[in-house]
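Structure file final-v9.cif (mmCIF, C-alpha atoms) is printed below.
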data_target
loop_
_atom_site.label_atom_id
_atom_site.label_comp_id
_atom_site.auth_asym_id
_atom_site.auth_seq_id
_atom_site.Cartn_x
_atom_site.Cartn_y
_atom_site.Cartn_z
CA MET A 1 -77.66 -15.62 -63.06
CA THR A 2 -75.50 -15.27 -59.95
CA LYS A 3 -76.86 -16.60 -56.67
CA ILE A 4 -75.51 -14.83 -53.59
CA ILE A 5 -75.33 -15.93 -49.97
CA VAL A 6 -73.76 -13.71 -47.30
CA LEU A 7 -72.58 -15.18 -44.02
CA ASN A 8 -71.73 -12.87 -41.14
CA LEU A 9 -69.99 -14.39 -38.16
CA THR A 10 -67.82 -13.23 -35.34
CA SER A 11 -64.23 -14.36 -34.91
CA ASP A 12 -65.12 -17.09 -32.41
CA PRO A 13 -63.70 -20.54 -33.22
CA PRO A 14 -66.83 -22.47 -32.08
CA LEU A 15 -68.70 -20.74 -34.94
CA LEU A 16 -66.45 -22.29 -37.58
CA SER A 17 -68.56 -25.45 -37.55
CA VAL A 18 -71.64 -23.37 -38.42
CA MET A 19 -69.74 -21.74 -41.28
CA ARG A 20 -68.67 -25.17 -42.56
CA ALA A 21 -72.26 -26.43 -42.59
CA ALA A 22 -73.36 -23.38 -44.57
CA VAL A 23 -70.48 -23.64 -47.07
CA SER A 24 -71.31 -27.31 -47.53
CA LYS A 25 -74.83 -26.36 -48.63
CA VAL A 26 -73.49 -23.65 -50.93
CA CYS A 27 -71.21 -26.20 -52.63
CA GLU A 28 -74.12 -28.61 -52.94
CA ILE A 29 -76.24 -25.95 -54.65
CA ALA A 30 -73.31 -25.11 -56.95
CA GLY A 31 -73.16 -28.77 -57.97
CA PHE A 32 -69.88 -29.96 -56.47
CA ASP A 33 -69.48 -33.59 -55.44
CA ALA A 34 -68.74 -34.68 -51.87
CA LEU A 35 -64.96 -34.78 -52.27
CA ASP A 36 -64.66 -31.34 -53.86
CA THR A 37 -67.11 -29.98 -51.29
CA SER A 38 -64.95 -31.26 -48.43
CA LYS A 39 -61.87 -29.64 -49.97
CA ILE A 40 -63.62 -26.30 -50.50
CA ILE A 41 -64.92 -26.36 -46.92
CA LEU A 42 -61.36 -27.00 -45.74
CA ALA A 43 -60.00 -24.05 -47.76
CA ILE A 44 -62.62 -21.61 -46.44
CA ASP A 45 -62.11 -22.91 -42.90
CA GLU A 46 -58.34 -22.38 -43.19
CA ALA A 47 -58.90 -18.83 -44.46
CA CYS A 48 -61.27 -18.05 -41.56
CA SER A 49 -58.84 -19.58 -39.07
CA ASN A 50 -56.10 -17.35 -40.47
CA ILE A 51 -58.32 -14.29 -40.00
CA ILE A 52 -58.96 -15.23 -36.36
CA ARG A 53 -55.32 -16.13 -35.71
CA HIS A 54 -53.52 -13.36 -37.61
CA ALA A 55 -55.88 -10.45 -38.38
CA TYR A 56 -57.58 -10.53 -34.98
CA LYS A 57 -54.76 -12.17 -32.97
CA GLY A 58 -57.23 -14.63 -31.48
CA LYS A 59 -59.64 -11.96 -30.26
CA GLY A 60 -63.28 -13.07 -30.42
CA GLY A 61 -66.34 -11.01 -31.28
CA GLN A 62 -64.85 -9.39 -34.39
CA SER A 63 -66.43 -9.31 -37.82
CA ILE A 64 -65.90 -11.91 -40.54
CA ARG A 65 -68.07 -11.53 -43.64
CA ILE A 66 -68.19 -14.30 -46.22
CA THR A 67 -69.93 -13.56 -49.50
CA CYS A 68 -70.57 -16.68 -51.58
CA LYS A 69 -71.38 -16.15 -55.24
CA ILE A 70 -72.60 -19.08 -57.28
CA LYS A 71 -71.93 -18.06 -60.88
CA PRO A 72 -72.71 -20.12 -63.99
CA THR A 73 -69.14 -21.38 -64.33
CA LYS A 74 -67.55 -20.79 -60.95
CA LEU A 75 -68.08 -20.53 -57.23
CA GLU A 76 -66.58 -17.44 -55.61
CA PHE A 77 -65.98 -16.65 -51.97
CA ILE A 78 -65.08 -13.17 -50.74
CA LEU A 79 -63.80 -13.03 -47.16
CA GLU A 80 -63.61 -9.63 -45.48
CA ASP A 81 -62.46 -8.72 -42.01
CA GLU A 82 -61.70 -5.55 -40.10
CA GLY A 83 -58.52 -6.78 -38.49
CA GLU A 84 -54.88 -5.91 -38.92
CA PRO A 85 -54.06 -5.75 -42.64
CA ALA A 86 -51.70 -8.50 -43.72
CA ASP A 87 -48.54 -7.81 -45.66
CA VAL A 88 -49.62 -9.57 -48.83
CA LYS A 89 -46.02 -10.03 -49.99
CA LYS A 90 -45.34 -12.14 -46.91
CA ILE A 91 -48.25 -14.53 -47.41
CA LYS A 92 -46.87 -17.76 -48.81
CA SER A 93 -47.16 -21.45 -48.20
CA ARG A 94 -44.23 -23.32 -46.74
CA PRO A 95 -42.42 -26.13 -48.55
CA LEU A 96 -44.07 -29.46 -47.79
CA ASP A 97 -40.72 -31.19 -47.35
CA GLU A 98 -40.35 -29.30 -44.08
CA ILE A 99 -42.06 -31.68 -41.70
CA ARG A 100 -43.21 -29.47 -38.89
CA PRO A 101 -46.50 -28.48 -37.27
CA GLY A 102 -48.21 -25.37 -38.64
CA GLY A 103 -48.03 -23.23 -41.75
CA LEU A 104 -50.15 -25.50 -43.95
CA GLY A 105 -53.24 -23.28 -44.21
CA VAL A 106 -52.06 -21.13 -47.13
CA TYR A 107 -50.81 -24.22 -48.97
CA ILE A 108 -54.23 -25.86 -48.58
CA ILE A 109 -56.08 -22.73 -49.76
CA THR A 110 -53.95 -22.32 -52.89
CA SER A 111 -54.01 -26.04 -53.66
CA VAL A 112 -57.78 -26.36 -53.44
CA MET A 113 -58.94 -23.13 -55.08
CA ASP A 114 -58.28 -22.22 -58.72
CA LYS A 115 -57.71 -18.55 -58.03
CA VAL A 116 -56.74 -16.85 -54.75
CA ILE A 117 -56.43 -13.06 -54.66
CA TYR A 118 -55.40 -11.11 -51.56
CA ALA A 119 -56.32 -7.44 -51.84
CA ASP A 120 -53.18 -5.38 -51.45
CA GLY A 121 -52.81 -1.97 -49.83
CA MET A 122 -55.94 -2.11 -47.66
CA GLU A 123 -56.05 0.78 -45.19
CA ALA A 124 -58.01 -1.33 -42.77
CA GLY A 125 -58.96 -4.98 -42.72
CA ASN A 126 -58.38 -7.66 -45.31
CA ARG A 127 -60.16 -8.93 -48.40
CA LEU A 128 -59.55 -12.32 -49.88
CA VAL A 129 -61.22 -13.59 -53.05
CA MET A 130 -61.20 -17.30 -53.83
CA GLN A 131 -62.63 -18.94 -56.93
CA LYS A 132 -63.28 -22.52 -57.90
CA SER A 133 -64.48 -23.53 -61.34
CA ILE A 134 -67.57 -25.66 -61.49
CA PRO A 135 -66.74 -28.68 -63.67
CA LYS A 136 -68.85 -28.70 -66.84
CA ASP A 137 -70.43 -32.06 -66.09
CA LYS A 138 -71.62 -30.80 -62.70
CA LYS A 139 -73.41 -27.67 -63.84
CA MET B 140 -67.93 -28.36 -30.71
CA SER B 141 -65.86 -30.29 -28.18
CA LEU B 142 -64.27 -33.59 -29.07
CA LYS B 143 -65.03 -36.88 -27.39
CA ILE B 144 -61.70 -38.43 -26.47
CA SER B 145 -60.83 -41.67 -24.70
CA ASN B 146 -57.75 -43.79 -24.48
CA THR B 147 -56.76 -47.29 -23.47
CA VAL B 148 -53.18 -48.24 -22.72
CA LYS B 149 -52.33 -51.92 -22.87
CA GLY B 150 -48.71 -52.99 -22.64
CA LYS B 151 -46.66 -50.93 -25.07
CA THR B 152 -49.62 -49.70 -27.09
CA ALA B 153 -52.10 -46.89 -26.51
CA VAL B 154 -55.24 -46.43 -28.54
CA LEU B 155 -56.47 -42.84 -28.53
CA ARG B 156 -60.02 -42.55 -29.82
CA ILE B 157 -61.11 -39.14 -31.05
CA ALA B 158 -64.65 -38.32 -32.15
CA GLY B 159 -65.96 -35.09 -33.62
CA GLU B 160 -64.65 -32.24 -35.73
CA VAL B 161 -60.98 -31.35 -35.21
CA ASP B 162 -60.46 -27.67 -35.96
CA MET B 163 -58.71 -24.66 -34.43
CA PHE B 164 -61.28 -24.66 -31.60
CA SER B 165 -61.03 -28.32 -30.66
CA SER B 166 -57.49 -29.33 -31.66
CA PRO B 167 -55.97 -28.22 -28.30
CA GLN B 168 -58.11 -30.95 -26.70
CA ALA B 169 -56.59 -33.56 -29.04
CA ARG B 170 -53.13 -32.12 -28.38
CA ASN B 171 -53.54 -32.44 -24.61
CA ALA B 172 -54.58 -36.08 -24.98
CA ILE B 173 -51.60 -36.89 -27.21
CA MET B 174 -49.18 -35.02 -24.90
CA GLU B 175 -50.42 -37.08 -21.97
CA LEU B 176 -49.39 -40.28 -23.78
CA VAL B 177 -46.11 -38.76 -24.92
CA LYS B 178 -45.31 -37.84 -21.30
CA GLN B 179 -45.79 -41.50 -20.39
CA ARG B 180 -43.45 -42.37 -23.29
CA VAL B 181 -45.89 -44.94 -24.63
CA PRO B 182 -43.94 -46.81 -27.36
CA LYS B 183 -46.80 -47.04 -29.84
CA VAL B 184 -49.68 -44.57 -30.03
CA ILE B 185 -52.54 -45.47 -32.36
CA VAL B 186 -54.81 -42.51 -33.00
CA ASP B 187 -58.21 -43.80 -34.04
CA LEU B 188 -59.78 -41.19 -36.32
CA GLY B 189 -62.74 -43.35 -37.35
CA GLU B 190 -65.21 -41.00 -35.69
CA VAL B 191 -63.52 -37.80 -36.85
CA SER B 192 -65.81 -36.23 -39.42
CA TYR B 193 -63.60 -33.24 -40.16
CA MET B 194 -59.97 -32.24 -39.68
CA ASP B 195 -58.21 -29.00 -40.59
CA SER B 196 -54.52 -28.09 -40.62
CA SER B 197 -54.47 -27.48 -36.86
CA GLY B 198 -55.49 -31.12 -36.35
CA VAL B 199 -52.81 -32.26 -38.75
CA ALA B 200 -50.26 -30.04 -36.98
CA THR B 201 -51.21 -31.66 -33.67
CA LEU B 202 -50.55 -35.11 -35.12
CA ILE B 203 -47.22 -34.02 -36.63
CA GLU B 204 -46.12 -32.66 -33.26
CA GLY B 205 -47.14 -35.93 -31.58
CA LEU B 206 -45.29 -38.00 -34.18
CA GLN B 207 -42.12 -35.94 -33.78
CA LEU B 208 -42.21 -36.17 -29.98
CA CYS B 209 -42.77 -39.95 -30.15
CA HIS B 210 -39.79 -40.30 -32.48
CA LYS B 211 -37.62 -38.48 -29.94
CA TYR B 212 -37.93 -41.43 -27.55
CA ASN B 213 -37.98 -44.00 -30.39
CA GLY B 214 -41.72 -44.42 -30.13
CA ASN B 215 -44.23 -44.14 -32.95
CA LEU B 216 -47.58 -42.55 -33.60
CA VAL B 217 -49.81 -44.01 -36.29
CA VAL B 218 -53.32 -43.16 -37.45
CA ALA B 219 -56.21 -45.47 -38.25
CA GLY B 220 -59.74 -45.47 -39.62
CA LEU B 221 -59.55 -42.26 -41.65
CA ARG B 222 -62.71 -41.23 -43.46
CA ASP B 223 -62.32 -40.16 -47.09
CA ASN B 224 -62.40 -36.42 -46.38
CA VAL B 225 -59.85 -36.73 -43.57
CA ARG B 226 -57.61 -38.94 -45.73
CA GLU B 227 -57.87 -36.22 -48.37
CA VAL B 228 -56.32 -33.69 -45.95
CA PHE B 229 -53.39 -36.07 -45.39
CA GLU B 230 -52.96 -36.57 -49.14
CA LEU B 231 -53.31 -32.88 -49.93
CA THR B 232 -50.54 -32.01 -47.47
CA ARG B 233 -48.55 -35.13 -48.50
CA LEU B 234 -48.56 -36.36 -44.93
CA ASP B 235 -49.73 -39.74 -46.17
CA LYS B 236 -46.02 -40.22 -46.95
CA ILE B 237 -45.00 -39.37 -43.37
CA PHE B 238 -47.60 -41.15 -41.28
CA GLN B 239 -48.32 -44.83 -41.21
CA ILE B 240 -52.02 -44.96 -42.02
CA PHE B 241 -54.04 -48.09 -41.24
CA GLN B 242 -57.51 -49.12 -42.24
CA ASP B 243 -58.54 -49.73 -38.64
CA VAL B 244 -57.16 -50.06 -35.12
CA GLU B 245 -56.86 -53.84 -35.27
CA THR B 246 -54.70 -53.63 -38.40
CA ALA B 247 -52.62 -50.90 -36.77
CA LYS B 248 -52.10 -53.10 -33.70
CA ALA B 249 -50.93 -55.98 -35.86
CA ASN B 250 -48.54 -53.87 -37.93
CA GLY B 251 -46.25 -50.90 -37.73
#
Translate this file's structure into C-alpha coordinates.
Amino acid sequence: MTKIIVLNLTSDPPLLSVMRAAVSKVCEIAGFDALDTSKIILAIDEACSNIIRHAYKGKGGQSIRITCKIKPTKLEFILEDEGEPADVKKIKSRPLDEIRPGGLGVYIITSVMDKVIYADGMEAGNRLVMQKSIPKDKK
Amino acid sequence: MSLKISNTVKGKTAVLRIAGEVDMFSSPQARNAIMELVKQRVPKVIVDLGEVSYMDSSGVATLIEGLQLCHKYNGNLVVAGLRDNVREVFELTRLDKIFQIFQDVETAKANG
(Lines of atoms letter the chains of each structure in order from A and count residues from 1; the text may use other names and numbers.)
(Lines give C-alpha, C1' and ligand atoms only; values in the text may rest on other atoms or scores of the structure.)
Protein backbone atom coordinates (compact mmCIF):
# COMPACT_ATOMS: atom_id res chain seq x y z
CA MET A 1 0.00 0.00 0.00
CA THR A 2 1.29 3.46 -0.89
CA LYS A 3 1.41 6.09 1.84
CA ILE A 4 1.11 9.66 0.59
CA ILE A 5 2.12 12.94 2.19
CA VAL A 6 1.63 16.25 0.36
CA LEU A 7 3.60 19.33 1.40
CA ASN A 8 2.56 22.73 0.09
CA LEU A 9 4.93 25.60 0.68
CA THR A 10 5.63 28.96 -0.83
CA SER A 11 8.92 29.80 -2.51
CA ASP A 12 10.36 31.48 0.59
CA PRO A 13 13.84 30.26 1.61
CA PRO A 14 13.13 30.37 5.39
CA LEU A 15 10.52 27.63 4.80
CA LEU A 16 13.13 25.19 3.49
CA SER A 17 14.00 24.18 7.05
CA VAL A 18 10.35 23.19 7.63
CA MET A 19 10.39 21.14 4.43
CA ARG A 20 13.60 19.40 5.55
CA ALA A 21 12.06 18.45 8.91
CA ALA A 22 9.03 16.97 7.14
CA VAL A 23 11.13 15.05 4.59
CA SER A 24 13.23 13.69 7.44
CA LYS A 25 10.11 12.18 9.00
CA VAL A 26 8.99 10.78 5.65
CA CYS A 27 12.37 9.05 5.24
CA GLU A 28 12.13 7.71 8.78
CA ILE A 29 8.70 6.22 8.06
CA ALA A 30 10.04 4.73 4.81
CA GLY A 31 12.79 3.02 6.81
CA PHE A 32 15.94 4.83 5.68
CA ASP A 33 18.88 5.14 8.06
CA ALA A 34 20.26 8.48 9.23
CA LEU A 35 22.91 8.79 6.51
CA ASP A 36 20.56 8.02 3.62
CA THR A 37 17.96 10.31 5.18
CA SER A 38 20.44 13.21 5.28
CA LYS A 39 21.32 12.64 1.62
CA ILE A 40 17.68 12.49 0.53
CA ILE A 41 16.92 15.67 2.48
CA LEU A 42 19.85 17.34 0.71
CA ALA A 43 18.58 16.26 -2.73
CA ILE A 44 15.03 17.53 -2.11
CA ASP A 45 16.42 20.76 -0.65
CA GLU A 46 18.59 21.30 -3.73
CA ALA A 47 15.59 20.70 -6.00
CA CYS A 48 13.47 23.21 -4.04
CA SER A 49 16.31 25.74 -4.06
CA ASN A 50 16.52 25.36 -7.84
CA ILE A 51 12.79 26.04 -8.14
CA ILE A 52 13.12 29.21 -6.06
CA ARG A 53 16.27 30.33 -7.87
CA HIS A 54 15.44 29.42 -11.47
CA ALA A 55 11.69 28.84 -11.92
CA TYR A 56 10.66 31.76 -9.72
CA LYS A 57 13.84 33.89 -10.08
CA GLY A 58 13.98 34.35 -6.32
CA LYS A 59 10.41 35.62 -6.02
CA GLY A 60 8.73 34.56 -2.78
CA GLY A 61 5.12 33.59 -2.19
CA GLN A 62 4.88 31.21 -5.17
CA SER A 63 3.67 27.64 -5.05
CA ILE A 64 5.85 24.59 -4.49
CA ARG A 65 4.03 21.28 -4.06
CA ILE A 66 5.91 18.21 -2.88
CA THR A 67 4.10 14.89 -3.05
CA CYS A 68 5.89 12.13 -1.13
CA LYS A 69 4.86 8.57 -1.92
CA ILE A 70 6.12 5.78 0.28
CA LYS A 71 5.75 2.66 -1.85
CA PRO A 72 6.64 -0.89 -0.81
CA THR A 73 9.99 -0.82 -2.60
CA LYS A 74 10.73 2.84 -3.18
CA LEU A 75 10.26 6.37 -1.94
CA GLU A 76 9.07 8.85 -4.57
CA PHE A 77 8.99 12.62 -4.51
CA ILE A 78 7.10 14.69 -7.06
CA LEU A 79 7.96 18.39 -7.07
CA GLU A 80 5.64 20.74 -8.95
CA ASP A 81 5.85 24.48 -9.40
CA GLU A 82 4.10 27.11 -11.47
CA GLY A 83 7.20 29.00 -12.47
CA GLU A 84 9.04 29.44 -15.73
CA PRO A 85 9.40 26.05 -17.44
CA ALA A 86 13.00 24.88 -17.61
CA ASP A 87 14.61 23.76 -20.83
CA VAL A 88 15.08 20.14 -19.79
CA LYS A 89 17.85 19.61 -22.36
CA LYS A 90 19.93 22.25 -20.61
CA ILE A 91 19.67 20.74 -17.14
CA LYS A 92 22.94 18.99 -16.39
CA SER A 93 25.45 18.76 -13.62
CA ARG A 94 28.84 20.33 -14.05
CA PRO A 95 32.09 18.35 -14.00
CA LEU A 96 33.40 18.09 -10.46
CA ASP A 97 36.97 18.77 -11.57
CA GLU A 98 35.92 22.37 -12.16
CA ILE A 99 36.55 23.85 -8.74
CA ARG A 100 34.21 26.79 -8.60
CA PRO A 101 31.28 27.94 -6.48
CA GLY A 102 27.81 26.94 -7.67
CA GLY A 103 26.30 24.43 -10.05
CA LEU A 104 26.45 21.46 -7.68
CA GLY A 105 22.72 21.09 -7.03
CA VAL A 106 21.88 18.94 -10.07
CA TYR A 107 24.95 16.77 -9.45
CA ILE A 108 23.82 16.17 -5.85
CA ILE A 109 20.25 15.34 -6.91
CA THR A 110 21.32 12.82 -9.55
CA SER A 111 23.98 11.30 -7.30
CA VAL A 112 21.64 10.73 -4.37
CA MET A 113 18.46 9.61 -6.10
CA ASP A 114 18.16 6.43 -8.17
CA LYS A 115 15.89 7.95 -10.78
CA VAL A 116 15.39 11.63 -11.66
CA ILE A 117 12.84 12.56 -14.33
CA TYR A 118 12.19 16.12 -15.47
CA ALA A 119 8.87 16.44 -17.29
CA ASP A 120 9.52 17.83 -20.74
CA GLY A 121 7.33 20.16 -22.78
CA MET A 122 5.35 21.62 -19.88
CA GLU A 123 3.22 24.58 -20.99
CA ALA A 124 3.47 26.10 -17.57
CA GLY A 125 5.49 25.21 -14.50
CA ASN A 126 7.78 22.29 -13.88
CA ARG A 127 7.41 18.73 -12.65
CA LEU A 128 10.27 16.71 -11.28
CA VAL A 129 9.98 13.10 -10.16
CA MET A 130 12.69 11.59 -7.97
CA GLN A 131 12.83 8.01 -6.75
CA LYS A 132 14.97 6.22 -4.23
CA SER A 133 14.82 2.48 -3.67
CA ILE A 134 14.25 1.32 -0.14
CA PRO A 135 16.97 -1.24 0.64
CA LYS A 136 15.47 -4.68 1.26
CA ASP A 137 16.86 -4.95 4.78
CA LYS A 138 15.21 -1.65 5.74
CA LYS A 139 11.67 -2.44 4.64
CA MET B 1 16.71 30.26 10.39
CA SER B 2 19.59 32.68 10.89
CA LEU B 3 23.06 31.45 11.68
CA LYS B 4 24.99 32.25 14.82
CA ILE B 5 28.42 33.43 13.74
CA SER B 6 31.41 34.63 15.72
CA ASN B 7 35.06 34.97 14.99
CA THR B 8 38.32 35.41 16.85
CA VAL B 9 41.48 36.60 15.15
CA LYS B 10 44.74 35.86 16.91
CA GLY B 11 48.00 36.53 15.12
CA LYS B 12 47.85 35.01 11.66
CA THR B 13 44.87 32.77 12.39
CA ALA B 14 41.15 33.44 12.46
CA VAL B 15 38.61 31.00 13.82
CA LEU B 16 35.15 31.51 12.35
CA ARG B 17 32.49 29.68 14.31
CA ILE B 18 29.22 28.99 12.51
CA ALA B 19 26.19 27.44 14.17
CA GLY B 20 22.90 26.45 12.59
CA GLU B 21 21.66 25.26 9.22
CA VAL B 22 23.53 26.62 6.20
CA ASP B 23 21.18 26.76 3.22
CA MET B 24 20.21 29.18 0.45
CA PHE B 25 18.53 31.41 3.04
CA SER B 26 21.40 31.61 5.51
CA SER B 27 24.53 31.10 3.40
CA PRO B 28 24.83 34.84 2.53
CA GLN B 29 25.40 35.42 6.26
CA ALA B 30 28.29 32.92 6.24
CA ARG B 31 29.62 34.49 3.05
CA ASN B 32 29.67 37.97 4.58
CA ALA B 33 31.59 36.68 7.59
CA ILE B 34 34.18 34.92 5.40
CA MET B 35 34.52 37.97 3.11
CA GLU B 36 35.24 40.13 6.14
CA LEU B 37 38.24 37.93 7.00
CA VAL B 38 39.34 37.76 3.37
CA LYS B 39 39.30 41.57 3.21
CA GLN B 40 41.67 41.61 6.19
CA ARG B 41 43.83 39.08 4.31
CA VAL B 42 44.01 36.81 7.33
CA PRO B 43 46.64 34.16 6.42
CA LYS B 44 44.79 31.20 7.90
CA VAL B 45 41.03 30.98 8.27
CA ILE B 46 39.67 28.03 10.23
CA VAL B 47 35.94 27.60 9.72
CA ASP B 48 34.54 25.70 12.68
CA LEU B 49 31.51 23.75 11.45
CA GLY B 50 31.04 21.77 14.67
CA GLU B 51 27.67 23.39 15.33
CA VAL B 52 26.46 23.25 11.74
CA SER B 53 23.69 20.68 11.62
CA TYR B 54 23.00 21.00 7.90
CA MET B 55 24.77 22.33 4.82
CA ASP B 56 23.58 22.46 1.22
CA SER B 57 25.44 23.30 -1.99
CA SER B 58 25.11 27.05 -1.38
CA GLY B 59 27.08 26.60 1.85
CA VAL B 60 29.69 24.56 0.03
CA ALA B 61 29.86 27.20 -2.71
CA THR B 62 30.47 29.86 -0.07
CA LEU B 63 33.41 27.89 1.31
CA ILE B 64 34.85 27.28 -2.17
CA GLU B 65 34.69 31.00 -2.90
CA GLY B 66 36.41 31.75 0.41
CA LEU B 67 39.12 29.18 -0.26
CA GLN B 68 39.80 30.57 -3.73
CA LEU B 69 39.99 34.16 -2.47
CA CYS B 70 42.37 33.12 0.34
CA HIS B 71 44.61 31.36 -2.18
CA LYS B 72 44.82 34.58 -4.19
CA TYR B 73 46.82 36.20 -1.38
CA ASN B 74 48.59 32.94 -0.46
CA GLY B 75 46.35 32.41 2.52
CA ASN B 76 44.37 29.29 3.33
CA LEU B 77 40.90 28.36 4.49
CA VAL B 78 40.38 25.06 6.26
CA VAL B 79 37.33 23.48 7.86
CA ALA B 80 37.02 21.69 11.19
CA GLY B 81 34.58 19.71 13.30
CA LEU B 82 32.32 18.46 10.51
CA ARG B 83 29.37 16.34 11.57
CA ASP B 84 28.76 13.14 9.59
CA ASN B 85 25.99 14.59 7.41
CA VAL B 86 28.03 17.70 6.59
CA ARG B 87 31.12 15.59 5.85
CA GLU B 88 28.90 13.56 3.53
CA VAL B 89 28.17 16.70 1.46
CA PHE B 90 31.92 17.29 1.09
CA GLU B 91 32.49 13.67 0.08
CA LEU B 92 29.54 13.61 -2.30
CA THR B 93 30.86 16.66 -4.14
CA ARG B 94 34.47 15.40 -3.80
CA LEU B 95 35.45 18.57 -2.00
CA ASP B 96 37.08 16.47 0.69
CA LYS B 97 39.95 16.31 -1.83
CA ILE B 98 40.11 20.11 -2.12
CA PHE B 99 39.68 21.28 1.46
CA GLN B 100 41.88 20.45 4.39
CA ILE B 101 39.42 18.95 6.85
CA PHE B 102 40.35 18.68 10.54
CA GLN B 103 38.70 16.87 13.38
CA ASP B 104 38.52 20.00 15.50
CA VAL B 105 39.79 23.57 15.72
CA GLU B 106 42.76 22.71 17.93
CA THR B 107 44.01 20.15 15.40
CA ALA B 108 43.48 22.67 12.60
CA LYS B 109 45.51 25.26 14.52
CA ALA B 110 48.36 22.81 14.98
CA ASN B 111 48.40 21.70 11.34
CA GLY B 112 47.80 22.93 7.84
Please report, as a tab-separated table, each residue of chain B lying at most 12 Å from chain A, together with the nearest pair of atoms and the separation in Å rounded to one decimal; use only C-alpha atoms, and order rows by chain and ascending residue number.
residue	atom	partner	partner_atom	distance
B:Met140	CA	A:Pro14	CA	6.1
B:Ser141	CA	A:Pro14	CA	8.8
B:Leu142	CA	A:Pro14	CA	11.8
B:Gly159	CA	A:Ser17	CA	10.7
B:Glu160	CA	A:Ser17	CA	8.0
B:Val161	CA	A:Ser17	CA	9.9
B:Asp162	CA	A:Leu16	CA	8.2
B:Met163	CA	A:Pro13	CA	6.6
B:Phe164	CA	A:Pro13	CA	5.0
B:Ser165	CA	A:Pro14	CA	8.4
B:Ser166	CA	A:Pro13	CA	10.9
B:Pro167	CA	A:Pro13	CA	12.0
B:Arg170	CA	A:Pro101	CA	11.7
B:Ser192	CA	A:Ser38	CA	10.3
B:Tyr193	CA	A:Ser38	CA	8.6
B:Met194	CA	A:Leu42	CA	8.1
B:Asp195	CA	A:Leu42	CA	6.4
B:Ser196	CA	A:Leu104	CA	6.1
B:Ser197	CA	A:Gly102	CA	6.8
B:Gly198	CA	A:Pro101	CA	9.4
B:Val199	CA	A:Pro101	CA	7.5
B:Ala200	CA	A:Pro101	CA	4.1
B:Thr201	CA	A:Pro101	CA	6.7
B:Leu202	CA	A:Pro101	CA	8.1
B:Ile203	CA	A:Pro101	CA	5.6
B:Glu204	CA	A:Pro101	CA	5.8
B:Gly205	CA	A:Pro101	CA	9.4
B:Leu206	CA	A:Arg100	CA	10.0
B:Gln207	CA	A:Arg100	CA	8.3
B:Leu208	CA	A:Arg100	CA	11.2
B:Arg222	CA	A:Leu35	CA	11.1
B:Asp223	CA	A:Leu35	CA	7.9
B:Asn224	CA	A:Ser38	CA	6.1
B:Val225	CA	A:Ser38	CA	8.9
B:Arg226	CA	A:Leu35	CA	10.7
B:Glu227	CA	A:Lys39	CA	7.9
B:Val228	CA	A:Lys39	CA	8.0
B:Phe229	CA	A:Ile108	CA	10.7
B:Glu230	CA	A:Ile108	CA	10.8
B:Leu231	CA	A:Ile108	CA	7.2
B:Thr232	CA	A:Leu96	CA	7.0
B:Arg233	CA	A:Leu96	CA	7.3
B:Leu234	CA	A:Ile99	CA	8.6
B:Asp235	CA	A:Leu96	CA	11.8
B:Lys236	CA	A:Asp97	CA	10.5
B:Ile237	CA	A:Ile99	CA	8.4
B:Phe238	CA	A:Ile99	CA	11.0
I need every residue sitting at most 8 Å from the point (-56.9, -49.7, -32.5) (coordinates as in the file, all atoms listed in the file considered), written as a ChimeraX atom specification. /B:154-155,185-187,219,243-248
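Atom CA of Leu9 of chain A is found 24.0 Å from atom CA of Phe32 of chain A.
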Evaluate the PyMOL selection byres ((chain A and resi 69) around 9) against this structure - the residues, as an MDAnalysis selection string, please. chainID A and resid 2:6 26 67:68 70:71 74:78
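One finds atom CA of Arg156 of chain B at 17.8 Å from atom CA of Arg180 of chain B.
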Correct to one decimal, the distance atom CA of Thr147 of chain B-atom CA of Asn215 of chain B is 16.0 Å
From B:Gln168, B:Asn250, B:Gln239, B:Asn146, residue lying nearest Leu216 of chain B [all atoms listed in the file]: B:Gln239
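Among B:Ala153, B:Ile144, B:Val218, B:Ile240, the residue with the shortest atom-to-atom distance to Val177 of chain B, counting only C-alpha atoms, is B:Ala153.
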Could you tell me which of A:Gly125, A:Ala119, A:Thr10, A:Gly31 comes closest to Thr73 of chain A if we count all atoms listed in the file? A:Gly31
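If you measure from each of A:Ser63, A:Ser133, A:Glu84, A:Asp114 to Cys27 of chain A using all atoms listed in the file, the closest one turns out to be A:Ser133.
Proximity to Ala169 of chain B was assessed for B:Leu221, B:Val191, B:Val148, B:Ile157 counting only C-alpha atoms; the smallest distance is recorded for B:Ile157.
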